[in-house]
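Peer 1: Okay, so here is protein_23.pdb, and as you'll see once you scroll down, it has PDB, C-alpha atoms.
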```
ATOM      1  CA  MET A   1       9.692  68.998  98.443
ATOM      2  CA  GLY A   2      11.473  66.004  99.988
ATOM      3  CA  GLN A   3      12.834  65.802 103.494
ATOM      4  CA  GLN A   4      16.439  65.643 102.330
ATOM      5  CA  THR A   5      16.239  68.878 100.351
ATOM      6  CA  THR A   6      15.334  70.941 103.450
ATOM      7  CA  ARG A   7      18.189  69.841 105.710
ATOM      8  CA  GLY A   8      20.666  72.406 104.428
ATOM      9  CA  ALA A   9      18.376  75.323 105.269
ATOM     10  CA  MET A  10      17.540  73.895 108.706
ATOM     11  CA  TRP A  11      21.155  73.314 109.712
ATOM     12  CA  LEU A  12      22.285  76.688 108.396
ATOM     13  CA  ARG A  13      19.623  78.385 110.508
ATOM     14  CA  LEU A  14      20.455  76.356 113.622
ATOM     15  CA  LEU A  15      24.215  76.739 113.387
ATOM     16  CA  THR A  16      24.140  80.471 112.691
ATOM     17  CA  GLY A  17      21.360  81.351 115.117
ATOM     18  CA  GLY A  18      19.157  82.471 112.250
ATOM     19  CA  ALA A  19      21.671  85.030 110.990
ATOM     20  CA  HIS A  20      20.425  87.537 108.410
ATOM     21  CA  ALA A  21      21.000  86.586 104.770
ATOM     22  CA  LEU A  22      23.477  88.847 102.985
ATOM     23  CA  HIS A  23      21.779  88.482  99.593
ATOM     24  CA  ASP A  24      18.178  88.102  98.490
ATOM     25  CA  TRP A  25      19.015  84.947  96.583
ATOM     26  CA  PRO A  26      16.240  82.352  97.045
ATOM     27  CA  SER A  27      18.319  79.236  96.346
ATOM     28  CA  VAL A  28      21.741  80.178  97.768
ATOM     29  CA  GLN A  29      21.724  81.386 101.355
ATOM     30  CA  VAL A  30      24.791  83.304 102.529
ATOM     31  CA  CYS A  31      25.240  84.725 106.014
ATOM     32  CA  ASP A  32      27.925  85.800 108.449
ATOM     33  CA  ALA A  33      27.943  84.306 111.943
ATOM     34  CA  PRO A  34      30.635  83.441 114.499
ATOM     35  CA  LEU A  35      32.582  80.198 114.553
ATOM     36  CA  ALA A  36      34.810  79.618 117.574
ATOM     37  CA  GLY A  37      34.312  83.242 118.566
ATOM     38  CA  GLN A  38      35.487  84.694 115.266
ATOM     39  CA  PRO A  39      33.655  85.883 112.131
ATOM     40  CA  ALA A  40      32.849  83.235 109.529
ATOM     41  CA  ARG A  41      31.013  83.038 106.216
ATOM     42  CA  TRP A  42      28.295  80.345 105.996
ATOM     43  CA  ILE A  43      26.814  79.161 102.688
ATOM     44  CA  ALA A  44      24.073  76.670 101.781
ATOM     45  CA  VAL A  45      22.123  75.752  98.659
ATOM     46  CA  VAL A  46      18.404  75.381  99.426
ATOM     47  CA  PRO A  47      15.256  74.498  97.475
ATOM     48  CA  ASP A  48      13.496  77.200  95.476
ATOM     49  CA  PRO A  49      10.133  75.952  94.137
ATOM     50  CA  ASP A  50       9.796  79.130  92.055
ATOM     51  CA  ASN A  51      13.196  78.844  90.397
ATOM     52  CA  ARG A  52      12.953  79.966  86.769
ATOM     53  CA  PHE A  53      14.970  76.875  85.863
ATOM     54  CA  PRO A  54      12.670  73.915  86.662
ATOM     55  CA  ARG A  55      15.602  71.504  86.963
ATOM     56  CA  ALA A  56      16.946  73.491  89.926
ATOM     57  CA  ARG A  57      13.862  73.709  92.144
ATOM     58  CA  ASN A  58      14.676  71.008  94.692
ATOM     59  CA  GLY A  59      18.072  72.105  95.940
ATOM     60  CA  GLU A  60      20.058  71.194  92.834
ATOM     61  CA  VAL A  61      23.026  73.342  91.852
ATOM     62  CA  GLY A  62      22.229  74.901  88.497
ATOM     63  CA  LEU A  63      23.474  77.791  86.404
ATOM     64  CA  VAL A  64      22.399  80.554  88.778
ATOM     65  CA  GLU A  65      23.422  78.640  91.888
ATOM     66  CA  GLY A  66      26.903  77.959  90.529
ATOM     67  CA  TRP A  67      27.608  81.606  89.787
ATOM     68  CA  GLN A  68      26.082  82.769  93.083
ATOM     69  CA  LEU A  69      28.233  80.325  95.041
ATOM     70  CA  ALA A  70      31.268  81.663  93.205
ATOM     71  CA  GLN A  71      30.238  85.247  93.945
ATOM     72  CA  ALA A  72      29.685  84.554  97.659
ATOM     73  CA  VAL A  73      33.126  82.991  98.026
ATOM     74  CA  GLN A  74      34.889  85.567  95.853
ATOM     75  CA  GLU A  75      33.328  88.343  97.941
ATOM     76  CA  THR A  76      34.844  86.787 101.041
ATOM     77  CA  ILE A  77      38.281  86.584  99.428
ATOM     78  CA  ALA A  78      38.100  90.216  98.283
ATOM     79  CA  GLN A  79      36.908  91.525 101.658
ATOM     80  CA  ASP A  80      39.700  89.693 103.509
ATOM     81  CA  ARG A  81      42.456  90.335 100.981
ATOM     82  CA  ASP A  82      44.495  92.489 103.375
ATOM     83  CA  ALA A  83      43.357  90.814 106.597
ATOM     84  CA  PRO A  84      46.142  89.067 108.563
ATOM     85  CA  VAL A  85      43.728  86.259 109.505
ATOM     86  CA  LYS A  86      41.337  85.021 106.844
ATOM     87  CA  ARG A  87      37.755  84.205 107.752
ATOM     88  CA  PRO A  88      36.674  80.566 107.708
ATOM     89  CA  ILE A  89      34.066  79.549 105.154
ATOM     90  CA  VAL A  90      31.569  76.847 106.109
ATOM     91  CA  ALA A  91      29.730  75.073 103.282
ATOM     92  CA  VAL A  92      26.563  73.438 104.637
ATOM     93  CA  ILE A  93      25.978  70.664 102.114
ATOM     94  CA  ASP A  94      22.619  69.182 101.103
ATOM     95  CA  VAL A  95      22.568  69.025  97.317
ATOM     96  CA  PRO A  96      20.726  66.199  95.481
ATOM     97  CA  SER A  97      22.550  66.768  92.170
ATOM     98  CA  GLN A  98      23.557  69.292  89.580
ATOM     99  CA  ALA A  99      20.680  70.586  87.461
ATOM    100  CA  TYR A 100      20.304  68.333  84.416
ATOM    101  CA  GLY A 101      18.583  70.006  81.469
ATOM    102  CA  ARG A 102      19.048  71.139  77.876
ATOM    103  CA  ARG A 103      19.053  74.799  78.853
ATOM    104  CA  GLU A 104      21.635  74.150  81.545
ATOM    105  CA  GLU A 105      23.906  72.406  79.091
ATOM    106  CA  ALA A 106      23.377  75.042  76.380
ATOM    107  CA  TYR A 107      24.153  77.954  78.695
ATOM    108  CA  GLY A 108      27.245  76.343  80.191
ATOM    109  CA  ILE A 109      26.445  74.750  83.541
ATOM    110  CA  HIS A 110      29.958  73.274  83.424
ATOM    111  CA  GLN A 111      31.349  76.801  83.577
ATOM    112  CA  ALA A 112      29.044  77.864  86.399
ATOM    113  CA  LEU A 113      29.948  74.853  88.538
ATOM    114  CA  ALA A 114      33.629  75.197  87.682
ATOM    115  CA  GLY A 115      33.412  78.828  88.783
ATOM    116  CA  ALA A 116      32.065  77.742  92.168
ATOM    117  CA  ALA A 117      34.627  74.972  92.637
ATOM    118  CA  GLY A 118      37.409  77.295  91.528
ATOM    119  CA  ALA A 119      36.321  79.976  93.992
ATOM    120  CA  TYR A 120      36.383  77.528  96.910
ATOM    121  CA  ALA A 121      39.842  76.295  95.846
ATOM    122  CA  GLN A 122      41.080  79.879  95.513
ATOM    123  CA  ALA A 123      39.778  80.685  98.999
ATOM    124  CA  ARG A 124      41.529  77.650 100.465
ATOM    125  CA  LEU A 125      44.818  78.514  98.762
ATOM    126  CA  ALA A 126      44.488  82.143  99.895
ATOM    127  CA  GLY A 127      44.416  80.992 103.525
ATOM    128  CA  HIS A 128      40.694  80.831 104.239
ATOM    129  CA  PRO A 129      39.921  77.708 106.280
ATOM    130  CA  VAL A 130      37.175  76.006 104.268
ATOM    131  CA  ILE A 131      35.019  73.441 106.087
ATOM    132  CA  GLY A 132      32.343  71.313 104.449
ATOM    133  CA  LEU A 133      29.517  69.931 106.592
ATOM    134  CA  VAL A 134      27.478  67.206 104.851
ATOM    135  CA  VAL A 135      24.019  67.158 106.449
ATOM    136  CA  GLY A 136      22.070  65.510 103.614
ATOM    137  CA  LEU A 137      22.832  64.524 100.048
ATOM    138  CA  ALA A 138      26.158  65.371  98.408
ATOM    139  CA  MET A 139      25.738  64.151  94.890
ATOM    140  CA  SER A 140      27.354  64.545  91.500
ATOM    141  CA  GLY A 141      28.656  67.858  90.221
ATOM    142  CA  ALA A 142      26.697  69.702  92.904
ATOM    143  CA  PHE A 143      29.060  68.388  95.587
ATOM    144  CA  LEU A 144      32.085  69.177  93.430
ATOM    145  CA  ALA A 145      30.849  72.767  93.146
ATOM    146  CA  HIS A 146      29.748  73.194  96.763
ATOM    147  CA  GLY A 147      31.994  71.730  99.432
ATOM    148  CA  TYR A 148      34.351  69.216  97.865
ATOM    149  CA  GLN A 149      37.240  71.704  97.825
ATOM    150  CA  ALA A 150      37.094  72.078 101.623
ATOM    151  CA  ASN A 151      40.217  71.663 103.769
ATOM    152  CA  ARG A 152      38.179  69.398 106.055
ATOM    153  CA  LEU A 153      34.937  67.545 105.370
ATOM    154  CA  ILE A 154      32.604  66.506 108.189
ATOM    155  CA  ALA A 155      29.516  64.328 107.675
ATOM    156  CA  LEU A 156      26.588  63.382 109.879
ATOM    157  CA  ASP A 157      26.061  59.635 110.302
ATOM    158  CA  ASP A 158      22.543  59.004 109.036
ATOM    159  CA  PRO A 159      20.927  56.886 106.286
ATOM    160  CA  GLY A 160      19.802  60.099 104.608
ATOM    161  CA  VAL A 161      23.363  61.375 104.334
ATOM    162  CA  MET A 162      24.966  60.080 101.149
ATOM    163  CA  VAL A 163      27.902  61.019  98.935
ATOM    164  CA  HIS A 164      28.138  59.659  95.409
ATOM    165  CA  ALA A 165      28.599  60.521  91.753
ATOM    166  CA  MET A 166      24.964  59.698  90.964
ATOM    167  CA  GLY A 167      21.807  58.283  92.504
ATOM    168  CA  LYS A 168      21.216  54.555  92.737
ATOM    169  CA  ALA A 169      18.673  54.422  89.934
ATOM    170  CA  SER A 170      20.958  56.341  87.564
ATOM    171  CA  ALA A 171      23.993  54.261  88.516
ATOM    172  CA  ALA A 172      22.013  51.081  87.923
ATOM    173  CA  ARG A 173      21.062  52.235  84.415
ATOM    174  CA  VAL A 174      24.602  53.272  83.532
ATOM    175  CA  THR A 175      26.101  49.979  84.748
ATOM    176  CA  LEU A 176      23.266  47.884  83.225
ATOM    177  CA  ARG A 177      22.347  46.461  86.635
ATOM    178  CA  THR A 178      19.309  46.439  88.843
ATOM    179  CA  VAL A 179      19.356  48.560  91.979
ATOM    180  CA  GLU A 180      19.498  45.335  94.016
ATOM    181  CA  ALA A 181      22.536  44.101  92.065
ATOM    182  CA  LEU A 182      24.176  47.496  92.517
ATOM    183  CA  GLU A 183      23.687  47.299  96.278
ATOM    184  CA  GLN A 184      25.236  43.804  96.342
ATOM    185  CA  LEU A 185      28.236  45.117  94.399
ATOM    186  CA  ALA A 186      28.585  48.002  96.837
ATOM    187  CA  GLU A 187      29.077  45.515  99.682
ATOM    188  CA  LYS A 188      32.319  44.407  98.027
ATOM    189  CA  VAL A 189      33.510  47.648  96.390
ATOM    190  CA  PRO A 190      33.532  50.579  98.851
ATOM    191  CA  PRO A 191      33.623  53.343  96.185
ATOM    192  CA  MET A 192      30.323  51.993  94.830
ATOM    193  CA  ALA A 193      28.636  52.154  98.242
ATOM    194  CA  TYR A 194      26.244  54.911  99.278
ATOM    195  CA  ASP A 195      26.432  54.766 103.068
ATOM    196  CA  ILE A 196      28.567  57.381 104.746
ATOM    197  CA  LYS A 197      30.789  54.922 106.633
ATOM    198  CA  ASN A 198      32.019  53.315 103.409
ATOM    199  CA  TYR A 199      32.667  56.748 101.975
ATOM    200  CA  ALA A 200      34.625  57.669 105.105
ATOM    201  CA  SER A 201      36.885  54.667 104.526
ATOM    202  CA  LEU A 202      38.159  56.364 101.365
ATOM    203  CA  GLY A 203      39.883  58.964 103.537
ATOM    204  CA  ILE A 204      38.035  62.005 102.222
ATOM    205  CA  LEU A 205      36.021  62.725 105.368
ATOM    206  CA  TRP A 206      37.786  64.241 108.360
ATOM    207  CA  LYS A 207      35.101  63.211 110.867
ATOM    208  CA  VAL A 208      31.761  61.423 110.966
ATOM    209  CA  LEU A 209      29.386  62.565 113.717
ATOM    210  CA  GLN A 210      26.683  60.454 115.348
ATOM    211  CA  LEU A 211      23.718  62.515 116.526
ATOM    212  CA  THR A 212      20.712  61.516 118.578
ATOM    213  CA  ASN A 213      18.247  63.004 116.097
ATOM    214  CA  LEU A 214      19.501  64.480 112.833
ATOM    215  CA  ALA A 215      16.046  65.525 111.630
ATOM    216  CA  LEU A 216      15.254  67.354 114.882
ATOM    217  CA  PRO A 217      18.578  68.000 116.634
ATOM    218  CA  ASP A 218      18.634  68.944 120.306
ATOM    219  CA  GLU A 219      21.106  71.159 122.165
ATOM    220  CA  GLN A 220      23.511  68.263 122.653
ATOM    221  CA  ASP A 221      23.530  67.549 118.905
ATOM    222  CA  LEU A 222      24.131  71.209 118.083
ATOM    223  CA  ALA A 223      26.964  71.376 120.596
ATOM    224  CA  LEU A 224      28.542  68.279 119.027
ATOM    225  CA  VAL A 225      28.417  69.779 115.533
ATOM    226  CA  HIS A 226      29.680  73.162 116.702
ATOM    227  CA  GLY A 227      32.509  71.407 118.544
ATOM    228  CA  ALA A 228      33.485  69.456 115.427
ATOM    229  CA  LEU A 229      33.474  72.622 113.299
ATOM    230  CA  GLU A 230      35.635  74.424 115.859
ATOM    231  CA  ALA A 231      38.030  71.459 116.030
ATOM    232  CA  ALA A 232      38.253  71.394 112.232
ATOM    233  CA  LEU A 233      39.031  75.105 112.204
ATOM    234  CA  ALA A 234      41.811  74.660 114.767
ATOM    235  CA  ASP A 235      43.207  71.688 112.838
ATOM    236  CA  ILE A 236      43.318  73.720 109.615
ATOM    237  CA  ARG A 237      44.965  76.656 111.350
ATOM    238  CA  ASP A 238      47.677  74.312 112.670
ATOM    239  CA  ASP A 239      48.288  72.765 109.240
ATOM    240  CA  PRO A 240      50.830  74.686 107.136
ATOM    241  CA  GLU A 241      49.664  72.880 103.990
ATOM    242  CA  ARG A 242      46.694  74.279 102.100
ATOM    243  CA  GLY A 243      46.247  71.248  99.861
ATOM    244  CA  LEU A 244      44.125  68.130 100.246
ATOM    245  CA  ALA A 245      46.879  65.593 100.993
ATOM    246  CA  THR A 246      45.138  64.514 104.213
ATOM    247  CA  ARG A 247      42.589  62.697 102.070
ATOM    248  CA  LEU A 248      45.194  60.151 101.015
ATOM    249  CA  GLN A 249      45.336  58.587 104.490
ATOM    250  CA  GLY A 250      42.246  56.370 104.200
ATOM    251  CA  PRO A 251      42.577  52.579 104.460
ATOM    252  CA  HIS A 252      41.610  52.182 100.791
ATOM    253  CA  ARG A 253      44.094  54.758  99.472
ATOM    254  CA  ALA A 254      47.265  52.638  99.618
ATOM    255  CA  ALA A 255      47.490  52.381  95.821
ATOM    256  CA  SER A 256      47.043  56.153  95.469
ATOM    257  CA  ARG A 257      49.826  56.784  97.968
ATOM    258  CA  ARG A 258      52.103  54.304  96.190
ATOM    259  CA  VAL A 259      51.507  55.920  92.787
ATOM    260  CA  ARG A 260      52.251  59.380  94.183
ATOM    261  CA  ASP A 261      55.466  58.108  95.799
ATOM    262  CA  LEU A 262      56.615  56.576  92.520
ATOM    263  CA  LEU A 263      55.788  59.742  90.586
ATOM    264  CA  GLU A 264      57.705  61.843  93.103
ATOM    265  CA  THR A 265      60.709  59.508  92.869
ATOM    266  CA  GLN A 266      60.712  59.721  89.084
ATOM    267  CA  TRP A 267      60.321  63.486  89.170
ATOM    268  CA  GLU A 268      63.261  63.917  91.527
ATOM    269  CA  ALA A 269      65.378  61.519  89.431
ATOM    270  CA  ALA A 270      64.675  63.632  86.350
ATOM    271  CA  ASP A 271      66.101  66.683  88.086
TER     272      ASP A 271
END
```
Transcribe the structure of this file into structure tokens.
Peer 2:
Amino acid sequence: MGQQTTRGAMWLRLLTGGAHALHDWPSVQVCDAPLAGQPARWIAVVPDPDNRFPRARNGEVGLVEGWQLAQAVQETIAQDRDAPVKRPIVAVIDVPSQAYGRREEAYGIHQALAGAAGAYAQARLAGHPVIGLVVGLAMSGAFLAHGYQANRLIALDDPGVMVHAMGKASAARVTLRTVEALEQLAEKVPPMAYDIKNYASLGILWKVLQLTNLALPDEQDLALVHGALEAALADIRDDPERGLATRLQGPHRAASRRVRDLLETQWEAAD
């Protein structure tokens, strides 16, 4: 079990004070613990070496994980349906990939992951502040299913924290390059880069936090992360929009903003 695949479990335990798990699910941990003095739902995908699906034993999001994520979020929506203030949901993100396998494809992993992503989006649109905290890897369809739909995304600044569609070796094979050539290309094309600062330049991250020791955080590190989560919660509460338009403000999103402006102009002209 690699170092990266244990970060989600560690940070969930630290940030919730070791709160009791609500389900006996080995690979999806769900617990309730305060955030900014109010109840919150915390969710993380963690390694399960005994997972009956071998492709999902190292923290990957597979068939079971996708549906359990969806259930955890849907439970929160149902429990707060009549509540005047909806609970925040914090996705602690350390997912190396979706589970790639013939059984996963045959039994519809696309539906399981879509169910998870759809549940997070439904929670956000229903008024639940959804915050994603990237503490390790956020790769491929796993990130789309667990965390990408968040109102605000926060990432820890560390070489082990990466966000991308696929790992370097896989990307090199797909693009018919060596890993070294891929890294040289990433220096010129930010979306191809793996470091968190380049990803932040795309406008998708709300904050990037620099800790003294990500692998063994001290009280100051925990206070910094808690403070960022509380600030994100306040920022979401103050934002009347429930969409993801804030992600268009990155320095490399000028073309996206221009296209949206032109589409809006054409749409209004058609009316």
Peer 1: Name the closest residue to Gly160 of chain A among the candidates A:Ala215, A:Ala193, A:Ala200, A:Ala9; distances are taken between atoms, counting only C-alpha atoms.
Peer 2: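 Checking each candidate against Gly160 of chain A, we get A:Ala215 as the closest.
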Peer 1: Might you spell out which residues the PyMOL selection byres ((chain A and resi 21) around 8) would select in the displayed file, as a VMD selection string?
Peer 2: chain A and resid 19 to 20 22 to 24 29 to 32
Peer 1: For this structure, which residues satisfy the selection - the PyMOL selection byres ((chain A and resi 109) around 9) - when it is evaluated on the file as given? I want them as an MDAnalysis selection string.
Peer 2: chainID A and resid 62:64 66 98:100 103:108 110:114
Peer 1: Just give me the gap between atom CA of Ala245 of chain A and atom CA of Trp67 of chain A in Å, one decimal is fine.
Peer 2: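 So the answer is 27.4 Å.
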Peer 1: Enumerate, in order of chain and increasing residue number, the residues of segment 123-202 of chain A with an atom no farther than 10 Å from segment 37-56 of chain A, each with its shortest atom pair and distance in Å to one decimal, counting only C-alpha atoms, as a tab-separated table.
Peer 2:
```
residue	atom	partner	partner_atom	distance
A:His128	CA	A:Ala40	CA	9.8
A:Pro129	CA	A:Ala40	CA	9.5
A:Val130	CA	A:Arg41	CA	9.6
A:Ile131	CA	A:Trp42	CA	9.6
A:Gly132	CA	A:Ile43	CA	9.8
A:Leu133	CA	A:Ala44	CA	9.9
A:Ala142	CA	A:Val45	CA	9.5
A:His146	CA	A:Val45	CA	8.3
A:Gly147	CA	A:Ile43	CA	9.6
```
Peer 1: Those residues you just picked out, can you put them in a file as a PDB file, in the frame of the given file with C-alpha atoms?
Peer 2:
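Below is the file selection-v6.pdb, written as the result:
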```
ATOM      1  CA  HIS A 128      40.694  80.831 104.239  1.00  0.00           C
ATOM      2  CA  PRO A 129      39.921  77.708 106.280  1.00  0.00           C
ATOM      3  CA  VAL A 130      37.175  76.006 104.268  1.00  0.00           C
ATOM      4  CA  ILE A 131      35.019  73.441 106.087  1.00  0.00           C
ATOM      5  CA  GLY A 132      32.343  71.313 104.449  1.00  0.00           C
ATOM      6  CA  LEU A 133      29.517  69.931 106.592  1.00  0.00           C
ATOM      7  CA  ALA A 142      26.697  69.702  92.904  1.00  0.00           C
ATOM      8  CA  HIS A 146      29.748  73.194  96.763  1.00  0.00           C
ATOM      9  CA  GLY A 147      31.994  71.730  99.432  1.00  0.00           C
TER      10      GLY A 147
END
```
Peer 1: Tell me which protein, DNA and RNA residues are within 7 Å of Ile196 of chain A, counting all atoms listed in the file, leaving out same-chain ones fewer than 2 positions away, and put them as a PDB file with C-alpha atoms, keeping the file's coordinate frame.
Peer 2:
```
ATOM      1  CA  ASP A 157      26.061  59.635 110.302  1.00  0.00           C
ATOM      2  CA  VAL A 161      23.363  61.375 104.334  1.00  0.00           C
ATOM      3  CA  MET A 162      24.966  60.080 101.149  1.00  0.00           C
ATOM      4  CA  VAL A 163      27.902  61.019  98.935  1.00  0.00           C
ATOM      5  CA  TYR A 194      26.244  54.911  99.278  1.00  0.00           C
ATOM      6  CA  ASN A 198      32.019  53.315 103.409  1.00  0.00           C
ATOM      7  CA  TYR A 199      32.667  56.748 101.975  1.00  0.00           C
ATOM      8  CA  ALA A 200      34.625  57.669 105.105  1.00  0.00           C
TER       9      ALA A 200
END
```
Peer 1: Would you please work out which residue, of A:Thr265, A:Ala33, A:Glu183, A:Arg253, is nearest to Pro88 of chain A when using only C-alpha atoms?
Peer 2: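 Smallest separation from Pro88 of chain A among the options: A:Ala33.
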Peer 1: I'd like to know which of A:Met166, A:Ala155, A:Leu244, A:Val135 is closest to Val208 of chain A, using only C-alpha atoms.
Peer 2: A:Ala155
Peer 1: Write out as a PDB file with C-alpha atoms, keeping the file's coordinate frame which residues come within 10 Å of segment 247-251 of chain A when counting all atoms listed in the file, dropping same-chain ones fewer than 5 positions away.
Peer 2:
```
ATOM      1  CA  ASN A 151      40.217  71.663 103.769  1.00  0.00           C
ATOM      2  CA  ARG A 152      38.179  69.398 106.055  1.00  0.00           C
ATOM      3  CA  LEU A 153      34.937  67.545 105.370  1.00  0.00           C
ATOM      4  CA  TYR A 199      32.667  56.748 101.975  1.00  0.00           C
ATOM      5  CA  ALA A 200      34.625  57.669 105.105  1.00  0.00           C
ATOM      6  CA  SER A 201      36.885  54.667 104.526  1.00  0.00           C
ATOM      7  CA  LEU A 202      38.159  56.364 101.365  1.00  0.00           C
ATOM      8  CA  GLY A 203      39.883  58.964 103.537  1.00  0.00           C
ATOM      9  CA  ILE A 204      38.035  62.005 102.222  1.00  0.00           C
ATOM     10  CA  LEU A 205      36.021  62.725 105.368  1.00  0.00           C
ATOM     11  CA  TRP A 206      37.786  64.241 108.360  1.00  0.00           C
ATOM     12  CA  SER A 256      47.043  56.153  95.469  1.00  0.00           C
ATOM     13  CA  ARG A 257      49.826  56.784  97.968  1.00  0.00           C
ATOM     14  CA  ARG A 260      52.251  59.380  94.183  1.00  0.00           C
TER      15      ARG A 260
END
```
